[in-house]
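Data from query08.cif: mmCIF, N, CA and C atoms
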```
data_final
#
loop_
_atom_site.group_PDB
_atom_site.id
_atom_site.type_symbol
_atom_site.label_atom_id
_atom_site.label_comp_id
_atom_site.auth_asym_id
_atom_site.auth_seq_id
_atom_site.Cartn_x
_atom_site.Cartn_y
_atom_site.Cartn_z
ATOM 1 N N MET A 245 114.192 84.321 83.330
ATOM 2 C CA MET A 245 114.938 83.107 83.602
ATOM 3 C C MET A 245 114.206 81.939 82.960
ATOM 4 N N SER A 246 114.929 80.948 82.652
ATOM 5 C CA SER A 246 114.304 79.785 82.052
ATOM 6 C C SER A 246 114.498 78.578 82.942
ATOM 7 N N GLY A 247 113.814 77.510 82.614
ATOM 8 C CA GLY A 247 113.971 76.282 83.368
ATOM 9 C C GLY A 247 113.263 76.293 84.704
ATOM 10 N N GLY A 248 112.319 77.202 84.890
ATOM 11 C CA GLY A 248 111.543 77.234 86.121
ATOM 12 C C GLY A 248 112.324 77.698 87.336
ATOM 13 N N GLN A 249 113.441 78.382 87.117
ATOM 14 C CA GLN A 249 114.246 78.850 88.240
ATOM 15 C C GLN A 249 113.614 80.080 88.873
ATOM 16 N N THR A 250 113.800 80.236 90.166
ATOM 17 C CA THR A 250 113.363 81.428 90.873
ATOM 18 C C THR A 250 114.498 82.425 90.857
ATOM 19 N N PRO A 251 114.220 83.703 90.480
ATOM 20 C CA PRO A 251 115.309 84.678 90.443
ATOM 21 C C PRO A 251 115.901 84.915 91.826
ATOM 22 N N HIS A 252 117.210 85.083 91.903
ATOM 23 C CA HIS A 252 117.904 85.316 93.170
ATOM 24 C C HIS A 252 118.712 86.604 93.093
ATOM 25 N N VAL A 253 118.725 87.338 94.168
ATOM 26 C CA VAL A 253 119.586 88.495 94.315
ATOM 27 C C VAL A 253 120.356 88.268 95.604
ATOM 28 N N ALA A 254 121.651 88.262 95.503
ATOM 29 C CA ALA A 254 122.504 87.906 96.641
ATOM 30 C C ALA A 254 122.020 86.559 97.168
ATOM 31 N N ASP A 255 121.559 86.514 98.414
ATOM 32 C CA ASP A 255 121.060 85.247 98.942
ATOM 33 C C ASP A 255 119.563 85.335 99.228
ATOM 34 N N ALA A 256 118.879 86.286 98.607
ATOM 35 C CA ALA A 256 117.443 86.466 98.827
ATOM 36 C C ALA A 256 116.668 85.855 97.670
ATOM 37 N N THR A 257 115.549 85.219 97.981
ATOM 38 C CA THR A 257 114.687 84.636 96.966
ATOM 39 C C THR A 257 113.408 85.453 96.891
ATOM 40 N N PHE A 258 112.987 85.754 95.680
ATOM 41 C CA PHE A 258 111.752 86.485 95.480
ATOM 42 C C PHE A 258 110.625 85.503 95.248
ATOM 43 N N GLN A 259 109.492 85.812 95.814
ATOM 44 C CA GLN A 259 108.335 84.945 95.684
ATOM 45 C C GLN A 259 107.481 85.433 94.530
ATOM 46 N N ARG A 260 106.805 84.524 93.880
ATOM 47 C CA ARG A 260 105.947 84.867 92.753
ATOM 48 C C ARG A 260 104.507 84.530 93.111
ATOM 49 N N ILE A 261 103.639 85.491 92.872
ATOM 50 C CA ILE A 261 102.217 85.283 93.081
ATOM 51 C C ILE A 261 101.537 85.591 91.760
ATOM 52 N N SER A 262 100.719 84.663 91.269
ATOM 53 C CA SER A 262 100.054 84.908 89.995
ATOM 54 C C SER A 262 98.573 84.561 90.110
ATOM 55 N N ILE A 263 97.788 85.263 89.315
ATOM 56 C CA ILE A 263 96.349 85.049 89.262
ATOM 57 C C ILE A 263 95.984 84.897 87.794
ATOM 58 N N LYS A 264 95.253 83.844 87.467
ATOM 59 C CA LYS A 264 94.823 83.627 86.091
ATOM 60 C C LYS A 264 93.776 84.673 85.723
ATOM 61 N N HIS A 265 93.900 85.201 84.503
ATOM 62 C CA HIS A 265 92.948 86.196 84.033
ATOM 63 C C HIS A 265 91.725 85.540 83.409
ATOM 64 N N SER A 266 91.879 84.312 82.946
ATOM 65 C CA SER A 266 90.721 83.622 82.389
ATOM 66 C C SER A 266 90.050 82.836 83.510
ATOM 67 N N GLY A 267 88.746 82.765 83.482
ATOM 68 C CA GLY A 267 88.024 82.060 84.541
ATOM 69 C C GLY A 267 88.193 82.765 85.869
ATOM 70 N N PHE A 268 88.023 84.080 85.871
ATOM 71 C CA PHE A 268 88.222 84.925 87.054
ATOM 72 C C PHE A 268 87.553 84.324 88.288
ATOM 73 N N ASN A 269 88.313 84.239 89.369
ATOM 74 C CA ASN A 269 87.813 83.703 90.627
ATOM 75 C C ASN A 269 88.133 84.715 91.727
ATOM 76 N N PRO A 270 87.113 85.418 92.247
ATOM 77 C CA PRO A 270 87.364 86.427 93.285
ATOM 78 C C PRO A 270 88.105 85.881 94.503
ATOM 79 N N ASP A 271 87.874 84.628 94.859
ATOM 80 C CA ASP A 271 88.573 84.048 96.012
ATOM 81 C C ASP A 271 90.077 83.996 95.786
ATOM 82 N N SER A 272 90.493 83.754 94.533
ATOM 83 C CA SER A 272 91.922 83.725 94.218
ATOM 84 C C SER A 272 92.545 85.104 94.410
ATOM 85 N N VAL A 273 91.800 86.143 94.028
ATOM 86 C CA VAL A 273 92.296 87.508 94.194
ATOM 87 C C VAL A 273 92.434 87.834 95.676
ATOM 88 N N ILE A 274 91.464 87.446 96.459
ATOM 89 C CA ILE A 274 91.498 87.697 97.903
ATOM 90 C C ILE A 274 92.685 86.967 98.533
ATOM 91 N N GLU A 275 92.864 85.695 98.185
ATOM 92 C CA GLU A 275 93.972 84.912 98.745
ATOM 93 C C GLU A 275 95.324 85.516 98.367
ATOM 94 N N ALA A 276 95.478 85.923 97.110
ATOM 95 C CA ALA A 276 96.747 86.523 96.668
ATOM 96 C C ALA A 276 96.982 87.852 97.377
ATOM 97 N N SER A 277 95.924 88.638 97.559
ATOM 98 C CA SER A 277 96.055 89.924 98.251
ATOM 99 C C SER A 277 96.496 89.729 99.690
ATOM 100 N N ILE A 278 95.929 88.763 100.360
ATOM 101 C CA ILE A 278 96.308 88.467 101.743
ATOM 102 C C ILE A 278 97.766 88.017 101.809
ATOM 103 N N GLU A 279 98.171 87.230 100.819
ATOM 104 C CA GLU A 279 99.563 86.756 100.778
ATOM 105 C C GLU A 279 100.525 87.929 100.589
ATOM 106 N N VAL A 280 100.178 88.858 99.704
ATOM 107 C CA VAL A 280 101.018 90.035 99.477
ATOM 108 C C VAL A 280 101.084 90.887 100.737
ATOM 109 N N LEU A 281 99.939 91.133 101.347
ATOM 110 C CA LEU A 281 99.912 91.939 102.570
ATOM 111 C C LEU A 281 100.708 91.285 103.694
ATOM 112 N N GLY A 282 100.709 89.973 103.750
ATOM 113 C CA GLY A 282 101.469 89.262 104.772
ATOM 114 C C GLY A 282 102.973 89.439 104.613
ATOM 115 N N ALA A 283 103.414 89.715 103.391
ATOM 116 C CA ALA A 283 104.845 89.883 103.126
ATOM 117 C C ALA A 283 105.329 91.305 103.405
ATOM 118 N N VAL A 284 104.417 92.259 103.542
ATOM 119 C CA VAL A 284 104.795 93.666 103.693
ATOM 120 C C VAL A 284 105.709 93.922 104.900
ATOM 121 N N PRO A 285 105.416 93.403 106.098
ATOM 122 C CA PRO A 285 106.315 93.683 107.229
ATOM 123 C C PRO A 285 107.758 93.222 106.980
ATOM 124 N N ASP A 286 107.926 92.060 106.368
ATOM 125 C CA ASP A 286 109.276 91.564 106.086
ATOM 126 C C ASP A 286 109.961 92.444 105.045
ATOM 127 N N ILE A 287 109.213 92.865 104.040
ATOM 128 C CA ILE A 287 109.775 93.746 103.016
ATOM 129 C C ILE A 287 110.209 95.070 103.638
ATOM 130 N N MET A 288 109.352 95.646 104.470
ATOM 131 C CA MET A 288 109.685 96.925 105.103
ATOM 132 C C MET A 288 110.917 96.793 105.997
ATOM 133 N N HIS A 289 111.047 95.667 106.688
ATOM 134 C CA HIS A 289 112.225 95.426 107.528
ATOM 135 C C HIS A 289 113.488 95.380 106.662
ATOM 136 N N LYS A 290 113.407 94.685 105.532
ATOM 137 C CA LYS A 290 114.570 94.583 104.649
ATOM 138 C C LYS A 290 114.921 95.936 104.034
ATOM 139 N N VAL A 291 113.915 96.729 103.702
ATOM 140 C CA VAL A 291 114.170 98.077 103.184
ATOM 141 C C VAL A 291 114.892 98.902 104.238
ATOM 142 N N GLN A 292 114.444 98.812 105.483
ATOM 143 C CA GLN A 292 115.076 99.577 106.561
ATOM 144 C C GLN A 292 116.525 99.143 106.770
ATOM 145 N N LEU A 293 116.779 97.841 106.718
ATOM 146 C CA LEU A 293 118.159 97.355 106.836
ATOM 147 C C LEU A 293 119.028 97.915 105.713
ATOM 148 N N PHE A 294 118.489 97.947 104.503
ATOM 149 C CA PHE A 294 119.227 98.475 103.359
ATOM 150 C C PHE A 294 119.500 99.965 103.545
ATOM 151 N N GLN A 295 118.500 100.712 104.009
ATOM 152 C CA GLN A 295 118.669 102.145 104.197
ATOM 153 C C GLN A 295 119.642 102.464 105.334
ATOM 154 N N ASP A 296 119.708 101.607 106.332
ATOM 155 C CA ASP A 296 120.602 101.829 107.468
ATOM 156 C C ASP A 296 122.056 101.500 107.151
ATOM 157 N N ARG A 297 122.292 100.776 106.084
ATOM 158 C CA ARG A 297 123.641 100.346 105.719
ATOM 159 C C ARG A 297 124.439 101.537 105.221
ATOM 160 N N ILE A 298 125.576 101.793 105.827
ATOM 161 C CA ILE A 298 126.464 102.876 105.403
ATOM 162 C C ILE A 298 127.594 102.255 104.581
ATOM 163 N N LEU A 299 127.688 102.689 103.337
ATOM 164 C CA LEU A 299 128.687 102.134 102.435
ATOM 165 C C LEU A 299 130.002 102.891 102.543
ATOM 166 N N THR A 300 131.083 102.157 102.400
ATOM 167 C CA THR A 300 132.395 102.798 102.302
ATOM 168 C C THR A 300 132.515 103.417 100.905
ATOM 169 N N ASP A 301 133.515 104.237 100.703
ATOM 170 C CA ASP A 301 133.724 104.821 99.381
ATOM 171 C C ASP A 301 133.925 103.735 98.325
ATOM 172 N N ALA A 302 134.671 102.705 98.675
ATOM 173 C CA ALA A 302 134.920 101.610 97.727
ATOM 174 C C ALA A 302 133.619 100.871 97.399
ATOM 175 N N GLU A 303 132.781 100.670 98.402
ATOM 176 C CA GLU A 303 131.492 100.000 98.166
ATOM 177 C C GLU A 303 130.564 100.857 97.313
ATOM 178 N N ARG A 304 130.567 102.168 97.554
ATOM 179 C CA ARG A 304 129.742 103.076 96.726
ATOM 180 C C ARG A 304 130.191 103.035 95.270
ATOM 181 N N LEU A 305 131.503 103.030 95.057
ATOM 182 C CA LEU A 305 132.039 102.971 93.703
ATOM 183 C C LEU A 305 131.654 101.649 93.041
ATOM 184 N N ALA A 306 131.782 100.550 93.775
ATOM 185 C CA ALA A 306 131.423 99.245 93.223
ATOM 186 C C ALA A 306 129.930 99.187 92.883
ATOM 187 N N LEU A 307 129.093 99.744 93.742
ATOM 188 C CA LEU A 307 127.652 99.765 93.484
ATOM 189 C C LEU A 307 127.339 100.604 92.251
ATOM 190 N N ALA A 308 127.932 101.788 92.167
ATOM 191 C CA ALA A 308 127.698 102.663 91.018
ATOM 192 C C ALA A 308 128.195 102.034 89.726
ATOM 193 N N THR A 309 129.351 101.404 89.762
ATOM 194 C CA THR A 309 129.908 100.764 88.575
ATOM 195 C C THR A 309 129.016 99.597 88.144
ATOM 196 N N GLY A 310 128.577 98.801 89.091
ATOM 197 C CA GLY A 310 127.692 97.687 88.777
ATOM 198 C C GLY A 310 126.364 98.154 88.220
ATOM 199 N N ALA A 311 125.808 99.213 88.799
ATOM 200 C CA ALA A 311 124.528 99.750 88.333
ATOM 201 C C ALA A 311 124.653 100.314 86.927
ATOM 202 N N ALA A 312 125.796 100.931 86.638
ATOM 203 C CA ALA A 312 125.994 101.522 85.319
ATOM 204 C C ALA A 312 125.994 100.470 84.216
ATOM 205 N N THR A 313 126.440 99.256 84.539
ATOM 206 C CA THR A 313 126.457 98.199 83.512
ATOM 207 C C THR A 313 125.040 97.748 83.137
ATOM 208 N N TYR A 314 124.077 97.992 84.021
ATOM 209 C CA TYR A 314 122.693 97.599 83.753
ATOM 210 C C TYR A 314 121.902 98.686 83.040
ATOM 211 N N ARG A 315 122.453 99.877 82.935
ATOM 212 C CA ARG A 315 121.765 100.976 82.245
ATOM 213 C C ARG A 315 121.772 100.814 80.782
#
```

As a first step, turn the structure in this file into structure tokens.
Amino acid sequence: MSGGQTPHVADATFQRISIKHSGFNPDSVIEASIEVLGAVPDIMHKVQLFQDRILTDAERLALATGAATYR
């Protein structure tokens, strides 16, 4: 994406965590790791919600058709 936009899927926003490779700072790695670990419970909850969702035949077809366009 351009223009500094955050990518969106449906109504969910993905967070970006970055660490500079030049001027390595171990504290930055620790802080980013803690931030990632803090997001794990929410991610696992969202995965479970997705797995629990039962699609109708029409929804399965729409998902498959949409996925095929990205292949």

**OP:** Quote the spacing between atom CA of A:Lys264 and atom C of A:Ala276 in Å to one decimal place.
**Re:** 12.2 Å

Original post:
Running DSSP on the backbone, which parts of chain A land in strand (DSSP E), as a list of chain:residue names?
Top reply: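 Filtering chain A down to strand (DSSP E) leaves A:His252, A:Val253, A:Ala256, A:Thr257.
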
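Pairwise distance (atom CA of A:His265, atom CA of A:Ser277) equals 15.0 Å.
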
Box centre and edge lengths (Å, one decimal), axis-aligned, stretch 275-293 of chain A plus 3 Å each side, as AutoDock Vina command-line options:
```
--center_x 105.9 --center_y 92.2 --center_z 102.1 --size_x 32.2 --size_y 20.7 --size_z 16.9
```

**OP:** Could you check how far atom CA of A:Glu275 sits from atom N of A:Met288, in Å to one decimal?
**Re:**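 Computed distance, atom CA of A:Glu275 to atom N of A:Met288, equals 19.6 Å.
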
**OP:** Find the residues near A:Ser272: any atom within 8 Å, counting only N, CA and C atoms, skip ones fewer than 6 places away on the same chain, and give them as a PyMOL selection string.
**Re:** chain A and resi 262-264+278
